[in-house]
Amino acid sequence: LMEAKESFEDYFNKIPEIKYEGPESKNVFAFRYYNKEEVILGKKMKDWLRFAVCYWHTFRGTGIDQFGGQTMFRPWETEVGSLANDIRRIKVAFKFMQKLGVDFWTFHDRDIATEQETLIETNKRLDAVVAEAKKLQQETGIKCLWGTANLFGNARYMNGAATNPDITVFAYAASQVKKAIEVTQELGGENYVFWGGREGYQSLLNTDIQSELNHFASFLKMAVAYKKKIGFDGQFLIEPKPREPTKHQYDYDAATVMNFLRANQLFEDFKLNIEPNHTTLAGHDFEHDLLISSIEGKLGSIDSNTGDVMVGWDTDQFITDLNKATRLLFIVLKQKGLGKGGLNFDCKLRRESTDIEDMFLGHIGAMDTLAHGLRCAAKIVEEKYMEGLVGERYISYSNTEIGKKVDNSQTNFEDLEKWAHDLEKEANTLRSGKQEKFEIIFNQYLSQQTLQCINLSLIHI
């Protein structure tokens, strides 16, 4: 392994600053579609997308999986566990983000600062690294999108954190989240995320679900109270996931989380951070939870990754599918953006992608795919053609009196029964859903936008 250099500048000296070169570019270290200052539907691309690099996969990932050990050996990791190494790593991270050209980053508390023997010592280490991160934020202009606490890695959390049957673990988790909220506020974080990786069960035989859900609600209510007490104005987010590492997680999907929040008078205090890979693990379409939460006004931020349908676990892959990216950005555009949220790359390199340059390539590919998707989605929104076709399927509700009454909850079964008797023949007339037509038109937007980008690039040349 290379020896760690004192100057973190040297680690990426062979990588150029990543810039926009247009769709005709063959340079893999350049953007073909992400032109951050370009205005799309009245807003700059960078403000629609609000890209963030996640610290855990990008700078703590080592290639370990269920069947094999470390494959990624980084030259700056020479004194793992030491304060010097934690500080060096955070400097390397900001240099990486600068060259990549992103505006935000995200972190877990234990990613940036190695856990120590006691909570006091751990918090002291965290404060030291956060002070360095704050300095680097000021120097680079890169901001904190969100912070969170790792309540799943340490063995103490094997039975959960906020749902742990042991009050001492519950209290330790509360102390850890308290500190994580404080340092997120110190770094100007715009959000704080709760992901209950071990808030669930492996067996119902030894689990009191009602007790655990009550404790989880109490934990979140205390977090809300503390947020208000210290004046943290960031948005609280919950990230749904159906399973892994537990067999069943209580924050299974968007609908489950929103129901839990409503039942516990927490609905106004939280939005959702949706990870599409988690959505597909729950058995839904890629964009399902994005849409379900957006309909409720609760889509706060997105962990913009994807999974592998051939693998049964959370693979956290960089998104390179234009179809998926367009569906994702269509929802973002329809709700006028993500507000304080953004597109966080909760993505890890494949175990076999071991070079430093691969760290850049994974992000470049995903950023370009999402930027391309933004362009396609903008065209769909702007033309409103597909929206009109969808509207035609439901037109009987808007152009009939009985349909209007249903929409306004002003009718009843008796009235509908009379309507059904009078128009029984029409009710038995089959009306095609035209799915294939929608798919063709959607794909036309993808190909047409690609050609338009290439033609514009050629004009500029």
# chains A, B, ... in the order shown; residues from 1 in each chain; ligands from 1
>>> residues_around(residues="A:Gln435", least_positions_apart="4", cutoff="12 Å", atoms="only C-alpha atoms", output="list of chain:residue names")
A:Met386, A:Leu389, A:Val390, A:Arg393, A:Arg431, A:Glu439, A:Ile440, A:Ile441, A:Phe442
>>> write_last_selection(atoms="C-alpha atoms", output="compact mmCIF listing (two decimals), in the first residue's frame")
# COMPACT_ATOMS: atom_id res chain seq x y z
CA MET A 386 -48.99 12.38 -21.00
CA LEU A 389 -53.77 11.15 -21.65
CA VAL A 390 -53.96 10.08 -18.01
CA ARG A 393 -58.91 7.80 -18.42
CA ARG A 431 -62.17 0.59 -21.92
CA GLU A 439 -44.82 3.13 -22.58
CA ILE A 440 -44.13 4.00 -26.22
CA ILE A 441 -44.76 7.71 -25.64
CA PHE A 442 -42.62 7.74 -22.50
>>> residues_around(residues="A:Lys135", least_positions_apart="6", cutoff="10 Å", atoms="only C-alpha atoms", output="list in words")
Val129, Gly141 and Leu187 of chain A
>>> closest_residue(among="A:Asn323, A:Asn206, A:Thr411, A:Thr163", to="A:Leu374", atoms="only C-alpha atoms")
A:Asn323
>>> atom_distance(atom1="atom CA of A:Ile87", atom2="atom CA of A:Gly147")
17.6 Å
>>> closest_residue(among="A:Lys44, A:Ala254, A:Asn164, A:Glu239", to="A:His215", atoms="only C-alpha atoms")
A:Asn164
>>> closest_residue(among="A:Asp321, A:Glu79, A:Asp269, A:Glu287", to="A:Ala371", atoms="only C-alpha atoms")
A:Asp321
>>> closest_atom_pairs(of="stretch 35-109 of chain A", to="stretch 347-361 of chain A", cutoff="6 Å", atoms="only C-alpha atoms", output="JSON lines")
{"residue": "A:His57", "atom": "CA", "partner": "A:Lys348", "partner_atom": "CA", "distance": 5.1}
{"residue": "A:Gly63", "atom": "CA", "partner": "A:Arg351", "partner_atom": "CA", "distance": 4.5}
{"residue": "A:Met72", "atom": "CA", "partner": "A:Thr354", "partner_atom": "CA", "distance": 5.2}
>>> write_last_selection(atoms="all heavy atoms", output="PDB file, in the first residue's frame")
ATOM      1  N   HIS A  57     -20.482   5.207   2.491  1.00  0.00           N
ATOM      2  CA  HIS A  57     -20.083   4.318   1.403  1.00  0.00           C
ATOM      3  C   HIS A  57     -18.829   4.825   0.690  1.00  0.00           C
ATOM      4  O   HIS A  57     -17.960   4.049   0.316  1.00  0.00           O
ATOM      5  CB  HIS A  57     -21.217   4.181   0.381  1.00  0.00           C
ATOM      6  CG  HIS A  57     -22.359   3.353   0.846  1.00  0.00           C
ATOM      7  ND1 HIS A  57     -22.192   2.189   1.566  1.00  0.00           N
ATOM      8  CD2 HIS A  57     -23.708   3.504   0.693  1.00  0.00           C
ATOM      9  CE1 HIS A  57     -23.373   1.673   1.837  1.00  0.00           C
ATOM     10  NE2 HIS A  57     -24.302   2.446   1.320  1.00  0.00           N
ATOM     11  N   GLY A  63     -15.436  -2.603   0.449  1.00  0.00           N
ATOM     12  CA  GLY A  63     -15.700  -3.721  -0.447  1.00  0.00           C
ATOM     13  C   GLY A  63     -16.118  -4.999   0.245  1.00  0.00           C
ATOM     14  O   GLY A  63     -16.359  -6.023  -0.410  1.00  0.00           O
ATOM     15  N   MET A  72     -10.902  -2.867  -1.060  1.00  0.00           N
ATOM     16  CA  MET A  72     -10.531  -1.479  -1.341  1.00  0.00           C
ATOM     17  C   MET A  72      -9.580  -0.974  -0.261  1.00  0.00           C
ATOM     18  O   MET A  72      -9.955  -0.897   0.910  1.00  0.00           O
ATOM     19  CB  MET A  72     -11.780  -0.593  -1.396  1.00  0.00           C
ATOM     20  CG  MET A  72     -12.771  -1.020  -2.455  1.00  0.00           C
ATOM     21  SD  MET A  72     -14.335  -0.107  -2.321  1.00  0.00           S
ATOM     22  CE  MET A  72     -15.350  -1.032  -3.490  1.00  0.00           C
TER      23      MET A  72
END
>>> closest_residue(among="A:Gly283, A:Gly153, A:Gly200, A:Gly188", to="A:Pro165", atoms="only C-alpha atoms")
A:Gly200
>>> select_by_dssp(residues="stretch 123-241 of chain A", states="alpha helix (DSSP H)", output="JSON, numbers by chain")
{"A": [123, 124, 125, 126, 127, 128, 129, 130, 131, 132, 133, 134, 135, 136, 137, 138, 139, 140, 167, 168, 169, 170, 171, 172, 173, 174, 175, 176, 177, 178, 179, 180, 181, 182, 183, 184, 185, 186, 209, 210, 211, 212, 213, 214, 215, 216, 217, 218, 219, 220, 221, 222, 223, 224, 225, 226, 227, 228, 229, 230]}
>>> select_by_dssp(residues="stretch 197-387 of chain A", states="strand (DSSP E or B)", output="PDB file with N, CA and C atoms, in the first residue's frame")
ATOM      1  N   GLY A 200     -36.921  -3.388  14.547  1.00  0.00           N
ATOM      2  CA  GLY A 200     -37.800  -4.397  13.963  1.00  0.00           C
ATOM      3  C   GLY A 200     -37.631  -5.698  14.731  1.00  0.00           C
ATOM      4  N   TYR A 201     -37.895  -6.816  14.072  1.00  0.00           N
ATOM      5  CA  TYR A 201     -37.767  -8.087  14.782  1.00  0.00           C
ATOM      6  C   TYR A 201     -37.224  -9.181  13.869  1.00  0.00           C
ATOM      7  N   GLN A 235     -35.119  19.963   8.805  1.00  0.00           N
ATOM      8  CA  GLN A 235     -36.269  19.071   8.664  1.00  0.00           C
ATOM      9  C   GLN A 235     -35.923  17.676   9.191  1.00  0.00           C
ATOM     10  N   PHE A 236     -36.783  17.093  10.003  1.00  0.00           N
ATOM     11  CA  PHE A 236     -36.630  15.709  10.432  1.00  0.00           C
ATOM     12  C   PHE A 236     -37.161  14.789   9.332  1.00  0.00           C
ATOM     13  N   LEU A 237     -36.398  13.750   9.008  1.00  0.00           N
ATOM     14  CA  LEU A 237     -36.773  12.799   7.974  1.00  0.00           C
ATOM     15  C   LEU A 237     -36.706  11.374   8.518  1.00  0.00           C
ATOM     16  N   ILE A 238     -37.634  10.532   8.087  1.00  0.00           N
ATOM     17  CA  ILE A 238     -37.569   9.099   8.378  1.00  0.00           C
ATOM     18  C   ILE A 238     -37.359   8.366   7.059  1.00  0.00           C
ATOM     19  N   HIS A 248     -37.898  -7.973   9.653  1.00  0.00           N
ATOM     20  CA  HIS A 248     -38.972  -7.008   9.388  1.00  0.00           C
ATOM     21  C   HIS A 248     -38.646  -5.716  10.125  1.00  0.00           C
ATOM     22  N   GLN A 249     -38.652  -4.600   9.390  1.00  0.00           N
ATOM     23  CA  GLN A 249     -38.455  -3.295  10.022  1.00  0.00           C
ATOM     24  C   GLN A 249     -39.790  -2.589  10.169  1.00  0.00           C
ATOM     25  N   PHE A 270     -42.442  15.354  10.679  1.00  0.00           N
ATOM     26  CA  PHE A 270     -41.515  14.561   9.868  1.00  0.00           C
ATOM     27  C   PHE A 270     -41.905  14.580   8.392  1.00  0.00           C
ATOM     28  N   LYS A 271     -40.885  14.470   7.545  1.00  0.00           N
ATOM     29  CA  LYS A 271     -41.074  14.094   6.150  1.00  0.00           C
ATOM     30  C   LYS A 271     -40.291  12.803   5.931  1.00  0.00           C
ATOM     31  N   LEU A 272     -40.271  12.331   4.702  1.00  0.00           N
ATOM     32  CA  LEU A 272     -39.617  11.053   4.429  1.00  0.00           C
ATOM     33  C   LEU A 272     -38.398  11.230   3.532  1.00  0.00           C
ATOM     34  N   ASN A 273     -37.388  10.435   3.806  1.00  0.00           N
ATOM     35  CA  ASN A 273     -36.221  10.322   2.943  1.00  0.00           C
ATOM     36  C   ASN A 273     -36.358   8.969   2.236  1.00  0.00           C
ATOM     37  N   ILE A 274     -36.671   9.011   0.950  1.00  0.00           N
ATOM     38  CA  ILE A 274     -36.992   7.785   0.225  1.00  0.00           C
ATOM     39  C   ILE A 274     -35.767   7.258  -0.520  1.00  0.00           C
ATOM     40  N   LEU A 299     -42.607  13.996   0.740  1.00  0.00           N
ATOM     41  CA  LEU A 299     -41.334  13.638   0.117  1.00  0.00           C
ATOM     42  C   LEU A 299     -40.327  14.738   0.419  1.00  0.00           C
ATOM     43  N   GLY A 300     -39.443  14.463   1.383  1.00  0.00           N
ATOM     44  CA  GLY A 300     -38.499  15.480   1.837  1.00  0.00           C
ATOM     45  C   GLY A 300     -37.147  15.403   1.180  1.00  0.00           C
ATOM     46  N   SER A 301     -36.660  14.195   0.906  1.00  0.00           N
ATOM     47  CA  SER A 301     -35.340  14.021   0.315  1.00  0.00           C
ATOM     48  C   SER A 301     -35.262  12.620  -0.278  1.00  0.00           C
ATOM     49  N   ILE A 302     -34.223  12.373  -1.088  1.00  0.00           N
ATOM     50  CA  ILE A 302     -34.104  11.093  -1.781  1.00  0.00           C
ATOM     51  C   ILE A 302     -32.686  10.560  -1.680  1.00  0.00           C
ATOM     52  N   ASP A 303     -32.555   9.310  -1.283  1.00  0.00           N
ATOM     53  CA  ASP A 303     -31.283   8.600  -1.420  1.00  0.00           C
ATOM     54  C   ASP A 303     -31.299   7.974  -2.811  1.00  0.00           C
ATOM     55  N   ASN A 305     -30.425   5.973  -5.308  1.00  0.00           N
ATOM     56  CA  ASN A 305     -29.697   4.782  -5.749  1.00  0.00           C
ATOM     57  C   ASN A 305     -30.669   3.795  -6.387  1.00  0.00           C
ATOM     58  N   THR A 306     -30.172   2.644  -6.727  1.00  0.00           N
ATOM     59  CA  THR A 306     -31.015   1.598  -7.287  1.00  0.00           C
ATOM     60  C   THR A 306     -30.474   0.249  -6.833  1.00  0.00           C
ATOM     61  N   GLN A 317     -26.680   0.624  -5.500  1.00  0.00           N
ATOM     62  CA  GLN A 317     -25.918   0.893  -6.714  1.00  0.00           C
ATOM     63  C   GLN A 317     -26.185   2.301  -7.251  1.00  0.00           C
ATOM     64  N   PHE A 318     -25.193   2.856  -7.934  1.00  0.00           N
ATOM     65  CA  PHE A 318     -25.370   4.136  -8.603  1.00  0.00           C
ATOM     66  C   PHE A 318     -26.393   3.971  -9.719  1.00  0.00           C
ATOM     67  N   LEU A 343     -30.687  15.063  -3.614  1.00  0.00           N
ATOM     68  CA  LEU A 343     -30.414  13.724  -4.124  1.00  0.00           C
ATOM     69  C   LEU A 343     -29.082  13.267  -3.553  1.00  0.00           C
ATOM     70  N   ASN A 344     -29.164  12.429  -2.548  1.00  0.00           N
ATOM     71  CA  ASN A 344     -27.975  11.940  -1.858  1.00  0.00           C
ATOM     72  C   ASN A 344     -27.530  10.614  -2.465  1.00  0.00           C
ATOM     73  N   PHE A 345     -26.249  10.514  -2.790  1.00  0.00           N
ATOM     74  CA  PHE A 345     -25.740   9.277  -3.390  1.00  0.00           C
ATOM     75  C   PHE A 345     -25.383   8.267  -2.304  1.00  0.00           C
TER      76      PHE A 345
END
>>> atom_distance(atom1="atom CA of A:Val92", atom2="atom CA of A:Phe12")
8.8 Å
>>> closest_residue(among="A:Val311, A:Leu204, A:Leu290, A:Val169", to="A:Thr246", atoms="only C-alpha atoms")
A:Leu204
>>> residues_around(residues="stretch 363-365 of chain A", least_positions_apart="6", cutoff="8 Å", atoms="only C-alpha atoms", output="list of chain:residue names")
A:Phe29, A:Ala30, A:Phe31, A:Leu100, A:Phe318, A:Ile319, A:Thr320, A:Phe345
>>> atom_distance(atom1="atom CA of A:Leu446", atom2="atom CA of A:Ile295")
24.6 Å
>>> residues_around(residues="A:Trp48", least_positions_apart="4", cutoff="10 Å", atoms="only C-alpha atoms", output="PyMOL selection string")
chain A and resi 36+39-44+329+332-333+336-339+341-343+371+374
